[in-house]
Amino acid sequence: MHTRRALLRHGALAATAWLAAPRLLLAQADTPRRLVFVLQRGAADGLHTVVPCADPGYARLRGALAIDPAEAIRLDGSFALHPALQDIGRLYAEGQALCAHAVASPYRARSHFDGQNVLETGGSAPYQLRDGWLNRLLGLLPRHGQEAVALAPMVPPALRGPHAVASYAPSGLPPPKDDLLTRVAQLYADDAQLHALWSTAMDARGMAAATDMAGGRARRDAAALGRLAAGFLARADGPRIAMLETDGWDTHQGQAGRMATQLRALDTLVAALRDGMGPAWQHTVVLVATEFGRTAAANGTGGTDHGTASAALLLGGAVRGGRVLADWPGLAPADLYEGRDLRPTLGLDALFAATAAECFGLDTERVARTLFPGQAVRLPGLPLLHG
């Protein structure tokens, strides 16, 4: 295990989620590139997802919870993927997956709500900013009509702000009759604001209906949700920025089985998204991150508690994959943050800014200043995506 060095090695990516309440958000830009942000709510365990199998501290700290290296998907001499991530492992082998380890936002106090707020708004402290970093990114992109649409009952903080975001929430209820929709359209026809909102909603409904997955199954089934997302993103006139929320990562107990389920669902979701997008997958970047990681040591109930650094993931045909990016801090007692957590060595703000700038051909420094105002963002200093 190389310690305190930048590692660019054969490695793979992992981590996203069983969809306790999946919500997908999308935005349109004048580019073939697609950026999909997947937020793992609940603090996903990066050490369980991208396993530092060569660090002797891992087995010592995790005990029975440790992933057996013989069962994991080996990436290189230092890291491996959880065995549930078979399709993501194949993406790595094809050069379409990259993992950044020991990453964290500026937040350190281990509260889910505050940590998610910092991660989504791009501030250095909770509730410092009112709008989200993805909404600010919209302001840097060419605008043509509706800027964003959400497959969600509510737009999450990362996409809230001055740039308009519509929403579409998959429902298990019977669809409304066409006659009712026509009457509502006529009712709103002379209202400038409501007519625009209704038109946007109907456009989103049409995209979802085209996938034949607009009902409740997409809320419960990872493959169905992946196909639904692909139905939006693969369209030439469709959105170009997406956000997908997944819940269920707070694994204080019974982590082995729960994480296997979470990661298997992620693997299925990503495979369905890739297959459904067809050629558009080659222009796609899927960015996966969580509000913070979990303790390096297992607790007494077969789980882990709130921690600090975790793993972030890049997937897609536009990714310069087949690498693990890690300035690995080590898991020896003296190396742990506050004596208990994986120490962060790379900022999520830097990863977000570099990915967004490369994805849309923008100036990286400008993107960093806009998305994370007032912060000294230390950029990775190497390309993450294909030019």
# chains A, B, ... in the order shown; residues from 1 in each chain; ligands from 1
>>> residues_around(residues="Thr364 (chain A)", least_positions_apart="5", cutoff="7 Å", atoms="only C-alpha atoms", output="JSON, numbers by chain")
{"A": [353, 354, 357]}
>>> write_last_selection(atoms="C-alpha atoms", output="tab-separated table (two decimals), in the first residue's frame")
chain	number	residue	atom	x	y	z
A	353	ALA	CA	-15.58	21.62	-9.89
A	354	ALA	CA	-13.04	19.76	-12.02
A	357	ALA	CA	-15.61	22.13	-15.92
>>> residues_around(residues="Ala84 (chain A)", least_positions_apart="5", cutoff="12 Å", atoms="only C-alpha atoms", output="PyMOL selection string")
chain A and resi 13-17+48-50+67+71-73+89-90+256-268
>>> residues_around(residues="region 269-285 of chain A", least_positions_apart="3", cutoff="8 Å", atoms="only C-alpha atoms", output="MDAnalysis selection string")
chainID A and resid 32:36 87:88 222:227 229:231 233:234 265:266 314:319 359
>>> write_last_selection(atoms="N, CA, C and O atoms", output="tab-separated table (two decimals), in the first residue's frame")
chain	number	residue	atom	x	y	z
A	32	PRO	N	-23.41	17.71	-26.20
A	32	PRO	CA	-23.74	16.28	-26.14
A	32	PRO	C	-23.41	15.66	-24.78
A	32	PRO	O	-23.84	14.54	-24.51
A	33	ARG	N	-22.63	16.35	-23.96
A	33	ARG	CA	-22.24	15.79	-22.67
A	33	ARG	C	-23.41	15.74	-21.69
A	33	ARG	O	-24.26	16.63	-21.65
A	34	ARG	N	-23.45	14.69	-20.88
A	34	ARG	CA	-24.42	14.54	-19.81
A	34	ARG	C	-23.68	14.41	-18.49
A	34	ARG	O	-22.71	13.64	-18.40
A	35	LEU	N	-24.10	15.14	-17.47
A	35	LEU	CA	-23.54	15.04	-16.13
A	35	LEU	C	-24.64	14.58	-15.19
A	35	LEU	O	-25.68	15.24	-15.07
A	36	VAL	N	-24.44	13.45	-14.55
A	36	VAL	CA	-25.42	12.87	-13.62
A	36	VAL	C	-24.79	12.86	-12.23
A	36	VAL	O	-23.75	12.23	-12.02
A	87	ASP	N	-21.13	-5.20	-12.56
A	87	ASP	CA	-21.20	-4.41	-13.79
A	87	ASP	C	-20.29	-3.19	-13.71
A	87	ASP	O	-19.65	-2.83	-14.70
A	88	ILE	N	-20.19	-2.58	-12.55
A	88	ILE	CA	-19.28	-1.45	-12.39
A	88	ILE	C	-17.84	-1.93	-12.52
A	88	ILE	O	-16.99	-1.23	-13.09
A	222	ALA	N	-34.63	-0.76	-9.28
A	222	ALA	CA	-33.44	-0.06	-9.73
A	222	ALA	C	-33.32	-0.07	-11.25
A	222	ALA	O	-32.97	0.95	-11.86
A	223	ALA	N	-33.60	-1.21	-11.88
A	223	ALA	CA	-33.50	-1.28	-13.33
A	223	ALA	C	-34.52	-0.37	-14.00
A	223	ALA	O	-34.22	0.32	-14.98
A	224	ALA	N	-35.75	-0.34	-13.47
A	224	ALA	CA	-36.78	0.52	-14.05
A	224	ALA	C	-36.40	1.98	-13.91
A	224	ALA	O	-36.60	2.79	-14.84
A	225	LEU	N	-35.83	2.36	-12.77
A	225	LEU	CA	-35.42	3.74	-12.59
A	225	LEU	C	-34.29	4.10	-13.55
A	225	LEU	O	-34.26	5.19	-14.12
A	226	GLY	N	-33.35	3.19	-13.74
A	226	GLY	CA	-32.27	3.44	-14.68
A	226	GLY	C	-32.79	3.65	-16.10
A	226	GLY	O	-32.33	4.54	-16.82
A	227	ARG	N	-33.75	2.82	-16.50
A	227	ARG	CA	-34.32	2.98	-17.84
A	227	ARG	C	-35.11	4.28	-17.96
A	227	ARG	O	-35.10	4.93	-19.02
A	229	ALA	N	-34.50	7.08	-16.30
A	229	ALA	CA	-33.51	8.15	-16.42
A	229	ALA	C	-32.92	8.19	-17.81
A	229	ALA	O	-32.75	9.27	-18.41
A	230	ALA	N	-32.64	7.02	-18.37
A	230	ALA	CA	-32.09	6.97	-19.73
A	230	ALA	C	-33.07	7.54	-20.74
A	230	ALA	O	-32.67	8.17	-21.73
A	231	GLY	N	-34.36	7.34	-20.51
A	231	GLY	CA	-35.36	7.87	-21.42
A	231	GLY	C	-35.31	9.38	-21.51
A	231	GLY	O	-35.59	9.97	-22.56
A	233	LEU	N	-32.41	11.25	-20.60
A	233	LEU	CA	-31.06	11.70	-20.95
A	233	LEU	C	-30.64	11.35	-22.38
A	233	LEU	O	-29.81	12.04	-22.96
A	234	ALA	N	-31.18	10.29	-22.93
A	234	ALA	CA	-30.75	9.86	-24.26
A	234	ALA	C	-31.34	10.71	-25.38
A	234	ALA	O	-30.85	10.67	-26.50
A	265	ALA	N	-28.10	-2.86	-5.97
A	265	ALA	CA	-29.09	-2.01	-6.64
A	265	ALA	C	-28.40	-0.92	-7.45
A	265	ALA	O	-28.84	-0.60	-8.56
A	266	LEU	N	-27.33	-0.36	-6.91
A	266	LEU	CA	-26.57	0.62	-7.67
A	266	LEU	C	-26.05	0.01	-8.97
A	266	LEU	O	-26.15	0.58	-10.04
A	314	LEU	N	-16.66	8.16	-10.32
A	314	LEU	CA	-16.97	8.66	-11.66
A	314	LEU	C	-17.16	7.47	-12.59
A	314	LEU	O	-16.29	6.60	-12.66
A	315	LEU	N	-18.29	7.45	-13.31
A	315	LEU	CA	-18.61	6.38	-14.24
A	315	LEU	C	-19.09	6.98	-15.56
A	315	LEU	O	-19.69	8.05	-15.58
A	316	GLY	N	-18.84	6.29	-16.65
A	316	GLY	CA	-19.40	6.71	-17.92
A	316	GLY	C	-18.40	6.67	-19.04
A	316	GLY	O	-17.18	6.59	-18.83
A	317	GLY	N	-18.93	6.75	-20.26
A	317	GLY	CA	-18.08	6.67	-21.42
A	317	GLY	C	-17.15	7.85	-21.58
A	317	GLY	O	-16.13	7.76	-22.27
A	318	ALA	N	-17.46	9.00	-20.95
A	318	ALA	CA	-16.61	10.18	-21.04
A	318	ALA	C	-15.50	10.19	-20.00
A	318	ALA	O	-14.64	11.08	-20.02
A	319	VAL	N	-15.48	9.20	-19.11
A	319	VAL	CA	-14.53	9.18	-17.99
A	319	VAL	C	-13.21	8.54	-18.42
A	319	VAL	O	-13.20	7.52	-19.11
A	359	CYS	N	-16.47	18.47	-18.10
A	359	CYS	CA	-17.65	17.92	-18.79
A	359	CYS	C	-18.19	18.91	-19.81
A	359	CYS	O	-18.54	18.52	-20.93
>>> closest_residue(among="A:Leu351, A:Ala158, A:Ala70, A:Ala104", to="Leu137 (chain A)", atoms="only C-alpha atoms")
A:Ala158
>>> closest_residue(among="A:Leu140, A:Val103, A:Leu91, A:Ala164", to="Arg343 (chain A)", atoms="only C-alpha atoms")
A:Val103
>>> atom_distance(atom1="CA of Gly381 (chain A)", atom2="CA of Ala334 (chain A)")
27.9 Å
